[in-house]
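Participant: Structure: coords-v8.pdb, PDB, C-alpha atoms, pLDDT in the B column.
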```pdb
ATOM      1  CA  MET A   1      -8.502   3.998  -7.313  1.00 59.00           C
ATOM      2  CA  SER A   2      -9.941   0.536  -7.149  1.00 74.00           C
ATOM      3  CA  LEU A   3      -8.037  -2.655  -6.519  1.00 80.00           C
ATOM      4  CA  GLU A   4      -8.625  -3.718 -10.134  1.00 80.00           C
ATOM      5  CA  LYS A   5      -6.413  -0.867 -11.354  1.00 80.00           C
ATOM      6  CA  LEU A   6      -3.493  -2.364  -9.405  1.00 83.00           C
ATOM      7  CA  HIS A   7      -3.156  -4.927 -12.212  1.00 82.00           C
ATOM      8  CA  THR A   8      -1.938  -2.260 -14.648  1.00 86.00           C
ATOM      9  CA  ALA A   9      -0.481   0.460 -12.393  1.00 89.00           C
ATOM     10  CA  ARG A  10       3.190   0.732 -11.491  1.00 94.00           C
ATOM     11  CA  THR A  11       3.407  -0.354  -7.865  1.00 94.00           C
ATOM     12  CA  VAL A  12       5.711  -1.070  -4.961  1.00 96.00           C
ATOM     13  CA  ALA A  13       4.844  -3.501  -2.188  1.00 95.00           C
ATOM     14  CA  GLY A  14       5.888  -3.887   1.435  1.00 95.00           C
ATOM     15  CA  ILE A  15       5.853  -1.461   4.342  1.00 95.00           C
ATOM     16  CA  HIS A  16       9.411  -0.177   3.855  1.00 96.00           C
ATOM     17  CA  GLN A  17       9.130   0.288   0.077  1.00 97.00           C
ATOM     18  CA  VAL A  18       5.785   2.062   0.438  1.00 97.00           C
ATOM     19  CA  CYS A  19       7.214   4.345   3.160  1.00 97.00           C
ATOM     20  CA  ARG A  20      10.078   5.317   0.845  1.00 97.00           C
ATOM     21  CA  ALA A  21       7.704   6.003  -2.043  1.00 98.00           C
ATOM     22  CA  VAL A  22       5.462   8.198   0.121  1.00 98.00           C
ATOM     23  CA  GLU A  23       8.416  10.096   1.622  1.00 97.00           C
ATOM     24  CA  SER A  24       9.914  10.777  -1.813  1.00 97.00           C
ATOM     25  CA  GLY A  25       6.591  11.955  -3.242  1.00 97.00           C
ATOM     26  CA  ALA A  26       6.424   9.106  -5.753  1.00 97.00           C
ATOM     27  CA  ALA A  27       3.319   7.465  -4.257  1.00 96.00           C
ATOM     28  CA  GLU A  28      -0.068   8.402  -5.636  1.00 95.00           C
ATOM     29  CA  MET A  29      -2.278   6.041  -3.614  1.00 94.00           C
ATOM     30  CA  VAL A  30      -1.542   3.719  -0.690  1.00 96.00           C
ATOM     31  CA  PHE A  31      -3.333   0.471   0.111  1.00 96.00           C
ATOM     32  CA  ILE A  32      -2.818  -1.114   3.544  1.00 96.00           C
ATOM     33  CA  ALA A  33      -4.198  -4.562   4.304  1.00 96.00           C
ATOM     34  CA  SER A  34      -7.075  -4.594   6.765  1.00 94.00           C
ATOM     35  CA  ASP A  35      -5.761  -7.700   8.538  1.00 94.00           C
ATOM     36  CA  VAL A  36      -2.403  -6.230   9.605  1.00 93.00           C
ATOM     37  CA  ASP A  37      -1.564  -5.615  13.250  1.00 88.00           C
ATOM     38  CA  GLU A  38      -1.660  -1.861  13.947  1.00 85.00           C
ATOM     39  CA  ARG A  39       1.631  -2.048  15.879  1.00 89.00           C
ATOM     40  CA  VAL A  40       3.646  -2.583  12.699  1.00 91.00           C
ATOM     41  CA  LEU A  41       1.950   0.251  10.828  1.00 92.00           C
ATOM     42  CA  GLY A  42       2.892   3.211  13.035  1.00 93.00           C
ATOM     43  CA  THR A  43       5.606   4.612  10.786  1.00 94.00           C
ATOM     44  CA  LEU A  44       3.690   4.064   7.553  1.00 96.00           C
ATOM     45  CA  LEU A  45       0.527   5.684   8.892  1.00 95.00           C
ATOM     46  CA  ALA A  46       2.534   8.678  10.160  1.00 96.00           C
ATOM     47  CA  VAL A  47       4.296   9.111   6.811  1.00 97.00           C
ATOM     48  CA  CYS A  48       0.968   8.921   4.962  1.00 97.00           C
ATOM     49  CA  ARG A  49      -0.583  11.457   7.331  1.00 97.00           C
ATOM     50  CA  ASP A  50       2.352  13.853   6.822  1.00 97.00           C
ATOM     51  CA  ALA A  51       2.052  13.507   3.031  1.00 97.00           C
ATOM     52  CA  GLY A  52      -1.714  14.012   3.071  1.00 97.00           C
ATOM     53  CA  ILE A  53      -2.438  10.528   1.741  1.00 96.00           C
ATOM     54  CA  ILE A  54      -5.420   8.649   3.141  1.00 96.00           C
ATOM     55  CA  PRO A  55      -4.691   4.916   2.795  1.00 95.00           C
ATOM     56  CA  ASP A  56      -7.321   2.513   1.513  1.00 94.00           C
ATOM     57  CA  ARG A  57      -7.771  -0.171   4.199  1.00 94.00           C
ATOM     58  CA  THR A  58     -10.461  -2.336   2.580  1.00 93.00           C
ATOM     59  CA  ALA A  59      -8.482  -5.297   1.184  1.00 94.00           C
ATOM     60  CA  THR A  60      -6.816  -8.188   3.002  1.00 95.00           C
ATOM     61  CA  LYS A  61      -3.138  -9.151   2.668  1.00 96.00           C
ATOM     62  CA  ALA A  62      -4.069 -12.017   0.362  1.00 95.00           C
ATOM     63  CA  ALA A  63      -6.187  -9.784  -1.891  1.00 93.00           C
ATOM     64  CA  LEU A  64      -3.486  -7.106  -2.150  1.00 94.00           C
ATOM     65  CA  GLY A  65      -0.844  -9.701  -3.000  1.00 93.00           C
ATOM     66  CA  GLU A  66      -3.087 -11.226  -5.636  1.00 92.00           C
ATOM     67  CA  HIS A  67      -3.876  -7.874  -7.264  1.00 90.00           C
ATOM     68  CA  VAL A  68      -0.182  -7.002  -7.660  1.00 92.00           C
ATOM     69  CA  ARG A  69       0.619 -10.528  -8.855  1.00 90.00           C
ATOM     70  CA  LEU A  70       2.681 -11.692  -5.870  1.00 92.00           C
ATOM     71  CA  ASP A  71       2.806 -15.298  -4.710  1.00 93.00           C
ATOM     72  CA  VAL A  72       2.408 -14.087  -1.119  1.00 94.00           C
ATOM     73  CA  GLY A  73       0.233 -11.560   0.667  1.00 94.00           C
ATOM     74  CA  ALA A  74       1.156  -7.883   0.734  1.00 94.00           C
ATOM     75  CA  THR A  75       0.897  -5.767   3.861  1.00 95.00           C
ATOM     76  CA  ALA A  76       1.039  -2.491   1.934  1.00 96.00           C
ATOM     77  CA  VAL A  77       1.046  -1.444  -1.716  1.00 96.00           C
ATOM     78  CA  ALA A  78       1.510   1.981  -3.283  1.00 96.00           C
ATOM     79  CA  THR A  79       0.734   3.045  -6.813  1.00 95.00           C
ATOM     80  CA  LEU A  80       3.368   5.293  -8.312  1.00 95.00           C
ATOM     81  CA  ARG A  81       2.838   8.567 -10.169  1.00 91.00           C
TER      82      ARG A  81
END
```
Spell out the structure here as structure tokens.
Facilitator:
Amino acid sequence: MSLEKLHTARTVAGIHQVCRAVESGAAEMVFIASDVDERVLGTLLAVCRDAGIIPDRTATKAALGEHVRLDVGATAVATLR
């Protein structure tokens, strides 16, 4: 799924919200900003690995925030099923 589809997809943003969506099976695709410190991503990466989801790490925080129409950057975004 490309970043352009984030404009129309149902999404959740933020590390904790994305973790919950992945754990509950509601997440279809996960985007993690490329400019985030790896130390804060440990739990999210582990949850994604356990769920068999390979996160897209190509966009920056600013780009992710813009694509989901936030006034701030987004560390992580998940599209929902």
Participant: Starting from the PyMOL selection byres ((chain A and resi 31) around 9), expand the selection into actual residues of this file and give them as a short mmCIF file (atom, residue, chain, number, x, y, z; two decimals) with C-alpha atoms, in the frame of the given file.
Facilitator:
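Output file selection04.cif follows:
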```cif
data_model
loop_
_atom_site.label_atom_id
_atom_site.label_comp_id
_atom_site.auth_asym_id
_atom_site.auth_seq_id
_atom_site.Cartn_x
_atom_site.Cartn_y
_atom_site.Cartn_z
CA LEU A 3 -8.04 -2.66 -6.52
CA MET A 29 -2.28 6.04 -3.61
CA VAL A 30 -1.54 3.72 -0.69
CA ILE A 32 -2.82 -1.11 3.54
CA ALA A 33 -4.20 -4.56 4.30
CA ILE A 54 -5.42 8.65 3.14
CA PRO A 55 -4.69 4.92 2.80
CA ASP A 56 -7.32 2.51 1.51
CA ARG A 57 -7.77 -0.17 4.20
CA THR A 58 -10.46 -2.34 2.58
CA ALA A 59 -8.48 -5.30 1.18
CA LEU A 64 -3.49 -7.11 -2.15
CA THR A 75 0.90 -5.77 3.86
CA ALA A 76 1.04 -2.49 1.93
CA VAL A 77 1.05 -1.44 -1.72
CA ALA A 78 1.51 1.98 -3.28
CA THR A 79 0.73 3.04 -6.81
#
```
Participant: So, with all atoms listed in the file as the atoms that count, which of A:Gly73, A:Gly65, A:Gly52, A:Gly42 lies closest to Val22 in chain A?
Facilitator: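 The closest residue to Val22 in chain A is A:Gly52.
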Participant: Could you state the separation of CA of Leu6 in chain A and CA of His67 in chain A in Å, given to one decimal place?
Facilitator: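 Going from CA of Leu6 in chain A over to CA of His67 in chain A, I get 5.9 Å.
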Participant: Given the choices A:Arg69, A:Leu80, A:Ala27, A:Ala74, which gets closest to His7 in chain A if the distance is worked out from all atoms listed in the file?
Facilitator: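 Of all the options, A:Arg69 lies closest to His7 in chain A.
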Participant: Name the closest residue to Ala9 in chain A among the candidates A:Ala21, A:Val68, A:Ile53, A:Cys48; distances are taken between atoms, counting only C-alpha atoms.
Facilitator: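 For Ala9 in chain A, the nearest of the given residues is A:Val68.
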Participant: Considering all atoms listed in the file, can you say which of A:Val72, A:Val12, A:Cys19, A:Val36 comes closest to Thr60 in chain A?
Facilitator: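 The closest residue to Thr60 in chain A is A:Val36.
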Participant: Using CA of Arg81 in chain A and CA of Ala26 in chain A as the two end points, give the distance in Å to one decimal.
Facilitator: 5.7 Å
Participant: Give me, please, the distance in Å between CA of Ser34 in chain A and CA of Ala51 in chain A, quoted to one decimal.
Facilitator: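 Between these atoms lies a distance of 20.6 Å.
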Participant: Find the residue from A:Glu4, A:Leu70, A:Leu44, A:Thr11 that sits nearest to Glu28 in chain A; use all atoms listed in the file when measuring.
Facilitator: A:Thr11
Participant: Using all atoms of range 15-29 of chain A that appear in the file, construct an axis-aligned enclosing box with 3 Å of padding on every side and provide its centre coordinates and edge lengths in Å, rounded to one decimal, as lines of an AutoDock Vina configuration file.
Facilitator:
```
center_x = 3.9
center_y = 5.2
center_z = -0.7
size_x = 18.4
size_y = 19.4
size_z = 16.1
```
